[in-house]
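Listing of entry-v9.pdb, PDB, C-alpha atoms
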```
ATOM      1  CA  MET A  25     112.782  37.750  23.949
ATOM      2  CA  LYS A  26     110.917  39.524  21.174
ATOM      3  CA  TYR A  27     108.757  36.437  20.668
ATOM      4  CA  PHE A  28     107.968  36.320  24.350
ATOM      5  CA  SER A  29     107.092  40.026  24.337
ATOM      6  CA  LEU A  30     104.761  39.514  21.371
ATOM      7  CA  LEU A  31     103.168  36.528  23.056
ATOM      8  CA  LYS A  32     102.465  38.571  26.171
ATOM      9  CA  ARG A  33     100.546  41.035  24.025
ATOM     10  CA  ILE A  34      98.533  38.531  22.024
ATOM     11  CA  VAL A  35      97.493  36.157  24.822
ATOM     12  CA  PRO A  36      95.638  38.776  26.947
ATOM     13  CA  LEU A  37      93.918  40.055  23.809
ATOM     14  CA  PHE A  38      92.848  36.559  22.866
ATOM     15  CA  PHE A  39      91.371  35.824  26.295
ATOM     16  CA  ALA A  40      89.717  39.241  26.404
ATOM     17  CA  ILE A  41      87.898  38.374  23.187
ATOM     18  CA  LEU A  42      86.784  35.069  24.655
ATOM     19  CA  LEU A  43      85.569  36.654  27.876
ATOM     20  CA  PHE A  44      83.787  39.384  25.989
ATOM     21  CA  SER A  45      81.846  36.806  23.987
ATOM     22  CA  CYS A  46      80.712  34.838  27.028
ATOM     23  CA  ALA A  47      77.243  35.345  28.490
ATOM     24  CA  SER A  48      76.406  34.741  32.112
ATOM     25  CA  ARG A  49      73.664  32.415  33.338
ATOM     26  CA  ASN A  50      71.589  35.402  34.478
ATOM     27  CA  ASP A  51      71.475  36.683  30.908
ATOM     28  CA  ILE A  52      70.183  33.440  29.431
ATOM     29  CA  VAL A  53      68.081  31.378  31.856
ATOM     30  CA  TYR A  54      64.308  31.989  31.980
ATOM     31  CA  TYR A  55      62.067  32.043  35.094
ATOM     32  CA  GLN A  56      64.842  32.633  37.598
ATOM     33  CA  GLY A  57      63.555  32.443  41.175
ATOM     34  CA  ILE A  58      60.254  30.829  40.212
ATOM     35  CA  ASP A  59      60.498  28.340  43.092
ATOM     36  CA  SER A  60      60.264  31.191  45.574
ATOM     37  CA  LEU A  61      57.042  32.626  44.132
ATOM     38  CA  PRO A  62      53.880  32.133  46.225
ATOM     39  CA  VAL A  63      51.402  29.649  44.792
ATOM     40  CA  GLN A  64      48.505  31.420  43.074
ATOM     41  CA  GLU A  65      45.016  30.100  43.650
ATOM     42  CA  LYS A  66      43.669  31.965  40.623
ATOM     43  CA  SER A  67      45.239  32.913  37.310
ATOM     44  CA  ASN A  68      45.770  36.556  36.411
ATOM     45  CA  LEU A  69      43.938  35.928  33.131
ATOM     46  CA  THR A  70      42.181  38.956  31.680
ATOM     47  CA  GLU A  71      39.832  38.758  28.725
ATOM     48  CA  VAL A  72      40.801  40.274  25.406
ATOM     49  CA  LYS A  73      39.024  43.525  24.582
ATOM     50  CA  ILE A  74      37.499  44.019  21.160
ATOM     51  CA  GLN A  75      39.199  46.763  19.154
ATOM     52  CA  ARG A  76      38.469  48.790  16.060
ATOM     53  CA  ASP A  77      39.141  46.919  12.790
ATOM     54  CA  ASP A  78      38.637  43.546  14.482
ATOM     55  CA  LEU A  79      36.820  40.943  12.414
ATOM     56  CA  LEU A  80      34.180  39.055  14.393
ATOM     57  CA  MET A  81      32.361  35.869  13.552
ATOM     58  CA  ILE A  82      29.060  35.765  15.449
ATOM     59  CA  ILE A  83      26.683  32.833  15.028
ATOM     60  CA  VAL A  84      23.251  32.650  16.637
ATOM     61  CA  SER A  85      21.654  29.219  17.024
ATOM     62  CA  ALA A  86      18.299  27.977  18.271
ATOM     63  CA  ASP A  87      16.266  24.787  18.380
ATOM     64  CA  ASP A  88      14.535  25.987  15.240
ATOM     65  CA  PRO A  89      17.167  27.156  12.708
ATOM     66  CA  GLU A  90      14.568  29.210  10.843
ATOM     67  CA  ILE A  91      13.959  31.388  13.892
ATOM     68  CA  ALA A  92      17.697  32.096  14.291
ATOM     69  CA  SER A  93      18.262  32.751  10.587
ATOM     70  CA  PRO A  94      17.405  36.512  10.633
ATOM     71  CA  PHE A  95      20.126  37.074  13.281
ATOM     72  CA  ASN A  96      22.917  35.609  11.153
ATOM     73  CA  LEU A  97      24.753  37.104   8.215
ATOM     74  CA  LYS A  98      24.232  35.162   5.039
ATOM     75  CA  THR A  99      26.942  32.944   3.635
ATOM     76  CA  VAL A 100      28.343  33.841   0.236
ATOM     77  CA  SER A 101      29.600  31.558  -2.482
ATOM     78  CA  VAL A 102      33.233  32.101  -3.450
ATOM     79  CA  GLN A 103      34.257  30.575  -6.775
ATOM     80  CA  ASN A 104      37.301  28.337  -6.707
ATOM     81  CA  SER A 105      39.923  30.376  -8.619
ATOM     82  CA  SER A 106      41.738  27.224  -9.769
ATOM     83  CA  LYS A 107      38.572  25.904 -11.437
ATOM     84  CA  LEU A 108      36.774  28.911 -12.800
ATOM     85  CA  ASP A 109      34.582  26.784 -15.083
ATOM     86  CA  SER A 110      33.415  24.630 -12.203
ATOM     87  CA  PRO A 111      29.936  25.443 -10.806
ATOM     88  CA  ILE A 112      31.107  24.311  -7.371
ATOM     89  CA  GLY A 113      32.116  27.169  -5.081
ATOM     90  CA  GLN A 114      33.020  27.539  -1.420
ATOM     91  CA  GLN A 115      30.523  28.779   1.139
ATOM     92  CA  THR A 116      32.025  31.490   3.343
ATOM     93  CA  MET A 117      30.524  33.087   6.427
ATOM     94  CA  GLN A 118      30.436  36.863   6.263
ATOM     95  CA  LEU A 119      32.143  38.648   9.131
ATOM     96  CA  TYR A 120      31.413  41.717  11.222
ATOM     97  CA  LEU A 121      34.023  44.468  10.880
ATOM     98  CA  VAL A 122      34.288  46.752  13.902
ATOM     99  CA  ASP A 123      34.214  50.232  12.380
ATOM    100  CA  ALA A 124      36.316  53.276  13.281
ATOM    101  CA  ASN A 125      33.782  54.269  15.944
ATOM    102  CA  GLY A 126      33.728  50.813  17.530
ATOM    103  CA  PHE A 127      30.334  49.666  16.175
ATOM    104  CA  ILE A 128      29.085  46.672  14.227
ATOM    105  CA  GLU A 129      25.855  46.502  12.234
ATOM    106  CA  PHE A 130      23.964  43.503  13.598
ATOM    107  CA  PRO A 131      20.919  42.012  11.837
ATOM    108  CA  VAL A 132      17.570  42.970  13.423
ATOM    109  CA  LEU A 133      19.275  44.687  16.381
ATOM    110  CA  GLY A 134      21.008  47.444  14.404
ATOM    111  CA  LYS A 135      24.243  49.174  15.443
ATOM    112  CA  LEU A 136      25.949  47.837  18.545
ATOM    113  CA  LYS A 137      28.980  49.337  20.316
ATOM    114  CA  VAL A 138      31.476  46.524  20.880
ATOM    115  CA  SER A 139      34.949  48.098  21.041
ATOM    116  CA  GLY A 140      36.401  48.105  24.530
ATOM    117  CA  LEU A 141      34.188  45.196  25.571
ATOM    118  CA  SER A 142      35.297  41.640  26.273
ATOM    119  CA  ARG A 143      33.888  38.609  24.528
ATOM    120  CA  SER A 144      31.757  37.656  27.529
ATOM    121  CA  GLU A 145      30.377  41.196  27.852
ATOM    122  CA  ILE A 146      29.299  41.232  24.198
ATOM    123  CA  LEU A 147      27.724  37.787  24.510
ATOM    124  CA  GLU A 148      25.754  38.952  27.537
ATOM    125  CA  ILE A 149      24.430  41.992  25.631
ATOM    126  CA  LEU A 150      23.522  39.911  22.586
ATOM    127  CA  LYS A 151      21.836  37.237  24.638
ATOM    128  CA  GLU A 152      19.727  39.814  26.490
ATOM    129  CA  LYS A 153      18.581  41.507  23.279
ATOM    130  CA  ILE A 154      18.039  38.356  21.208
ATOM    131  CA  SER A 155      16.133  36.628  24.047
ATOM    132  CA  THR A 156      13.282  38.995  23.241
ATOM    133  CA  TYR A 157      12.867  37.122  19.949
ATOM    134  CA  ILE A 158      14.308  33.666  20.650
ATOM    135  CA  LYS A 159      13.919  31.499  23.714
ATOM    136  CA  LYS A 160      17.304  30.385  25.064
ATOM    137  CA  PRO A 161      19.493  31.416  22.108
ATOM    138  CA  VAL A 162      22.978  29.953  21.762
ATOM    139  CA  ILE A 163      25.522  32.567  20.639
ATOM    140  CA  ASN A 164      29.114  31.960  19.590
ATOM    141  CA  LEU A 165      31.600  34.793  19.047
ATOM    142  CA  ARG A 166      35.160  34.617  17.812
ATOM    143  CA  ILE A 167      37.844  37.113  16.770
ATOM    144  CA  VAL A 168      39.125  35.774  13.455
ATOM    145  CA  ASN A 169      41.947  38.249  12.796
ATOM    146  CA  PHE A 170      43.795  37.792  16.100
ATOM    147  CA  LYS A 171      47.490  38.072  15.276
ATOM    148  CA  VAL A 172      50.788  39.061  16.882
ATOM    149  CA  SER A 173      54.073  40.143  15.288
ATOM    150  CA  LEU A 174      57.557  39.184  16.478
ATOM    151  CA  GLN A 175      60.644  41.087  15.411
ATOM    152  CA  GLY A 176      64.333  41.276  16.235
ATOM    153  CA  GLU A 177      66.382  38.487  17.760
ATOM    154  CA  VAL A 178      63.978  35.588  17.309
ATOM    155  CA  ASN A 179      64.746  32.650  15.068
ATOM    156  CA  THR A 180      61.752  33.103  12.755
ATOM    157  CA  PRO A 181      60.431  36.671  12.915
ATOM    158  CA  GLY A 182      57.066  37.383  11.345
ATOM    159  CA  THR A 183      53.347  37.885  11.926
ATOM    160  CA  TYR A 184      51.502  34.903  13.387
ATOM    161  CA  ASN A 185      47.779  34.236  13.340
ATOM    162  CA  VAL A 186      46.356  33.005  16.630
ATOM    163  CA  THR A 187      43.530  30.493  16.394
ATOM    164  CA  SER A 188      42.426  30.952  20.001
ATOM    165  CA  GLU A 189      41.619  34.209  21.793
ATOM    166  CA  ARG A 190      44.439  33.917  24.271
ATOM    167  CA  ILE A 191      48.184  33.609  23.865
ATOM    168  CA  THR A 192      51.026  34.188  26.295
ATOM    169  CA  LEU A 193      54.271  35.966  25.494
ATOM    170  CA  ILE A 194      56.133  32.660  25.929
ATOM    171  CA  GLU A 195      53.788  30.877  23.517
ATOM    172  CA  ALA A 196      54.312  33.633  20.944
ATOM    173  CA  LEU A 197      58.096  33.374  21.307
ATOM    174  CA  SER A 198      57.809  29.611  20.908
ATOM    175  CA  MET A 199      55.884  30.111  17.658
ATOM    176  CA  ALA A 200      58.899  32.108  16.460
ATOM    177  CA  LYS A 201      61.158  29.205  17.575
ATOM    178  CA  ASP A 202      62.439  31.090  20.625
ATOM    179  CA  LEU A 203      65.000  33.867  20.962
ATOM    180  CA  THR A 204      68.406  33.618  19.378
ATOM    181  CA  ILE A 205      71.390  33.457  21.729
ATOM    182  CA  TYR A 206      71.905  37.160  20.985
ATOM    183  CA  GLY A 207      68.466  38.311  22.170
ATOM    184  CA  LYS A 208      68.127  40.430  25.331
ATOM    185  CA  ARG A 209      65.820  38.375  27.494
ATOM    186  CA  ASN A 210      65.566  40.999  30.213
ATOM    187  CA  ASN A 211      64.265  43.854  28.079
ATOM    188  CA  ILE A 212      61.642  42.595  25.603
ATOM    189  CA  LEU A 213      59.545  45.400  24.154
ATOM    190  CA  ILE A 214      55.780  44.956  23.702
ATOM    191  CA  ILE A 215      53.987  47.577  21.609
ATOM    192  CA  ARG A 216      50.223  47.602  22.127
ATOM    193  CA  GLU A 217      47.527  49.781  20.590
ATOM    194  CA  ILE A 218      44.066  50.139  22.103
ATOM    195  CA  ASP A 219      41.530  52.476  20.494
ATOM    196  CA  GLY A 220      44.283  54.343  18.686
ATOM    197  CA  VAL A 221      46.439  54.835  21.790
ATOM    198  CA  LYS A 222      49.840  53.108  21.709
ATOM    199  CA  SER A 223      51.663  51.883  24.797
ATOM    200  CA  TYR A 224      55.250  50.665  25.102
ATOM    201  CA  ASN A 225      56.152  48.160  27.790
ATOM    202  CA  ARG A 226      59.239  46.184  28.776
ATOM    203  CA  VAL A 227      59.224  42.606  30.046
ATOM    204  CA  ASP A 228      62.044  40.632  31.679
ATOM    205  CA  ILE A 229      61.477  36.927  31.070
ATOM    206  CA  THR A 230      64.567  35.969  33.074
ATOM    207  CA  LYS A 231      62.642  36.967  36.218
ATOM    208  CA  SER A 232      59.865  34.633  37.248
ATOM    209  CA  ASP A 233      57.519  37.371  38.462
ATOM    210  CA  PHE A 234      56.828  38.436  34.869
ATOM    211  CA  ILE A 235      54.131  35.733  34.749
ATOM    212  CA  ASN A 236      52.041  38.054  36.936
ATOM    213  CA  SER A 237      52.547  40.959  34.549
ATOM    214  CA  PRO A 238      49.586  42.329  32.551
ATOM    215  CA  PHE A 239      51.723  41.627  29.482
ATOM    216  CA  TYR A 240      52.141  37.928  30.187
ATOM    217  CA  TYR A 241      49.064  37.513  27.972
ATOM    218  CA  LEU A 242      49.276  39.282  24.636
ATOM    219  CA  ALA A 243      46.466  41.207  22.987
ATOM    220  CA  GLN A 244      45.549  41.092  19.309
ATOM    221  CA  ASN A 245      47.915  43.032  17.051
ATOM    222  CA  ASP A 246      50.648  43.263  19.723
ATOM    223  CA  VAL A 247      54.180  43.736  18.394
ATOM    224  CA  VAL A 248      56.973  41.970  20.298
ATOM    225  CA  TYR A 249      60.501  43.236  19.680
ATOM    226  CA  VAL A 250      63.580  41.458  21.046
ATOM    227  CA  GLU A 251      66.606  43.741  21.208
ATOM    228  CA  PRO A 252      70.082  42.449  20.272
ATOM    229  CA  ASN A 253      72.571  42.175  23.102
ATOM    230  CA  LYS A 254      76.015  43.824  23.172
ATOM    231  CA  ASN A 255      77.711  40.850  21.552
ATOM    232  CA  ARG A 256      75.434  41.091  18.518
ATOM    233  CA  ILE A 257      75.809  44.871  18.253
ATOM    234  CA  ASN A 258      79.582  44.816  18.653
ATOM    235  CA  GLY A 259      79.840  41.861  16.319
ATOM    236  CA  ALA A 260      77.932  43.810  13.681
ATOM    237  CA  ALA A 261      80.301  46.744  14.197
ATOM    238  CA  VAL A 262      83.392  44.571  13.827
ATOM    239  CA  GLY A 263      81.966  42.757  10.851
ATOM    240  CA  PRO A 264      81.653  39.145   9.777
ATOM    241  CA  ASN A 265      85.423  38.502  10.064
ATOM    242  CA  THR A 266      85.514  38.198  13.860
ATOM    243  CA  GLY A 267      85.722  34.417  13.683
ATOM    244  CA  VAL A 268      88.575  34.622  11.199
ATOM    245  CA  ILE A 269      90.467  37.056  13.424
ATOM    246  CA  ILE A 270      90.127  34.744  16.421
ATOM    247  CA  SER A 271      91.289  31.760  14.346
ATOM    248  CA  ILE A 272      94.327  33.659  13.095
ATOM    249  CA  SER A 273      95.138  34.803  16.639
ATOM    250  CA  SER A 274      94.992  31.212  17.846
ATOM    251  CA  LEU A 275      97.253  30.111  15.021
ATOM    252  CA  LEU A 276      99.743  32.895  15.781
ATOM    253  CA  ILE A 277      99.852  31.940  19.461
ATOM    254  CA  THR A 278     100.523  28.331  18.502
ATOM    255  CA  LEU A 279     103.285  29.271  16.074
ATOM    256  CA  ILE A 280     104.968  31.639  18.526
ATOM    257  CA  THR A 281     104.828  29.038  21.280
ATOM    258  CA  LEU A 282     106.432  26.434  18.993
ATOM    259  CA  THR A 283     109.082  28.918  17.866
ATOM    260  CA  ILE A 284     109.997  29.747  21.463
ATOM    261  CA  SER A 285     110.249  26.054  22.267
ATOM    262  CA  LEU A 286     112.525  25.394  19.314
ATOM    263  CA  THR A 287     114.857  28.336  20.056
ATOM    264  CA  LYS A 288     115.511  27.213  23.621
TER     265      LYS A 288
END
```
Transcribe the structure of this file into structure tokens.
Amino acid sequence: MKYFSLLKRIVPLFFAILLFSCASRNDIVYYQGIDSLPVQEKSNLTEVKIQRDDLLMIIVSADDPEIASPFNLKTVSVQNSSKLDSPIGQQTMQLYLVDANGFIEFPVLGKLKVSGLSRSEILEILKEKISTYIKKPVINLRIVNFKVSLQGEVNTPGTYNVTSERITLIEALSMAKDLTIYGKRNNILIIREIDGVKSYNRVDITKSDFINSPFYYLAQNDVVYVEPNKNRINGAAVGPNTGVIISISSLLITLITLTISLTK
């Protein structure tokens, strides 16, 4: 009887541990209910706004390169550090740094306020001003230090450079090789700073309507933090021996069951 009494105590504990470690479908699956969303005729895409400390590459072109030359920063020669004695260097385009007040110093045109403006808005201003000097100028603008950081329960946390000027939260998570099984998918924190003002926002990627959120597209320098779920937190509290405890419990149940069978 004492074996049976012990078994009655261990078995519920064993199954409680198993149930505790299980996650429901609603905690794991992305885009739940997406089939019921109305079809959008137009994307909710918003253009990235230029911020202080952004690095911009702006190139002005024209049919006659000599005419456009005064409106471009000069390239500089950077010596190859691995071959210091070699006369061959690398030509690098100088970049415009948006200063603390949101301005850049543009050749010929002088200081221009760019922070808070989108790429298309800046291009429109530049085209209007440069058209006074050049007929039909072609202007290209790119943010070269666009990056996002991913922390917490993702498989490869870190800071990632973005080659384009648009990235979704899902694309960023994919760059980090997705969330771990312990990440809270319904409470992802996005930290965003615009002109020195920080905002903190939560996104639930298990619900399909998050694709209409203003945080579906990330901005440069966004920080994405994935919180650990209860299993991860409790597992950390218990320590790394949880698996060993479960294995020993299973072994004890097996031994007690065999002992009971043999004593009958």
For the structure shown, which residues end up in the PyMOL selection byres ((chain A and resi 124) around 10)? Put them as a PyMOL selection string, please?
chain A and resi 75-77+121-123+125-128+139+219-220
Using only C-alpha atoms, the shortest atom-to-atom distance to Val172 (chain A) among A:Leu193, A:Leu147, A:Leu136, A:Val247 belongs to A:Val247
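For the pair CA of Leu141 (chain A) and CA of Ser198 (chain A), the separation is 28.7 Å.
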On this structure, the PyMOL selection byres ((chain A and resi 225) around 12) would catch which residues? List them as a ChimeraX atom specification, sorted by chain and number.
/A:211-217,222-224,226-228,237-240,242,246-249
Quick one: pull the distance between CA of Ile277 (chain A) and CA of Asn253 (chain A), Å, one decimal.
29.4 Å
Give me, as an NGL selection string, all polymer residues having an atom no more than 8 Å from Glu189 (chain A), counting all atoms listed in the file and skipping those fewer than 3 positions away in the same chain.
:A and (72 or 166-167 or 170 or 186)
At a cut-off of 6 Å around the point (65.5, 40.1, 21.7) (file coordinates), what residues fall inside when counting all atoms listed in the file? I'd like the answer as an NGL selection string.
:A and (176-177 or 207-208 or 250-252)
With C-alpha atoms kept, could you save the residues just selected as a PDB file, keeping the file's coordinate frame?
```pdb
ATOM      1  CA  GLY A 176      64.333  41.276  16.235  1.00  0.00           C
ATOM      2  CA  GLU A 177      66.382  38.487  17.760  1.00  0.00           C
ATOM      3  CA  GLY A 207      68.466  38.311  22.170  1.00  0.00           C
ATOM      4  CA  LYS A 208      68.127  40.430  25.331  1.00  0.00           C
ATOM      5  CA  VAL A 250      63.580  41.458  21.046  1.00  0.00           C
ATOM      6  CA  GLU A 251      66.606  43.741  21.208  1.00  0.00           C
ATOM      7  CA  PRO A 252      70.082  42.449  20.272  1.00  0.00           C
TER       8      PRO A 252
END
```
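Distance-wise, CA of Pro89 (chain A) and CA of Ile158 (chain A) end up 10.7 Å apart.
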Hey, what comes out of the PyMOL selection byres ((chain A and resi 171) around 9) on this file? Could you write it as a list in words?
Val168, Asn169, Phe170, Val172, Ser173, Thr183, Tyr184, Asn185, Val186, Thr187, Ala243, Gln244, Asn245 and Asp246 of chain A
Closest of A:Ser271, A:Ser188, A:Thr70, A:Ser93 to Ser142 (chain A), counting only C-alpha atoms, is A:Thr70
Which is closer to Asn255 (chain A) than all the others in A:Leu133, A:Ile205, A:Ile91, A:Ala86, using only C-alpha atoms?
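Once distances to Asn255 (chain A) are computed over only C-alpha atoms, the minimum belongs to A:Ile205.
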Residue with smallest distance to Val84 (chain A) - pool A:Ile163, A:Leu275, A:Met199, A:Ile280, counting all atoms listed in the file
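Of A:Ile163, A:Leu275, A:Met199, A:Ile280, the one nearest Val84 (chain A) is A:Ile163, counting all atoms listed in the file.
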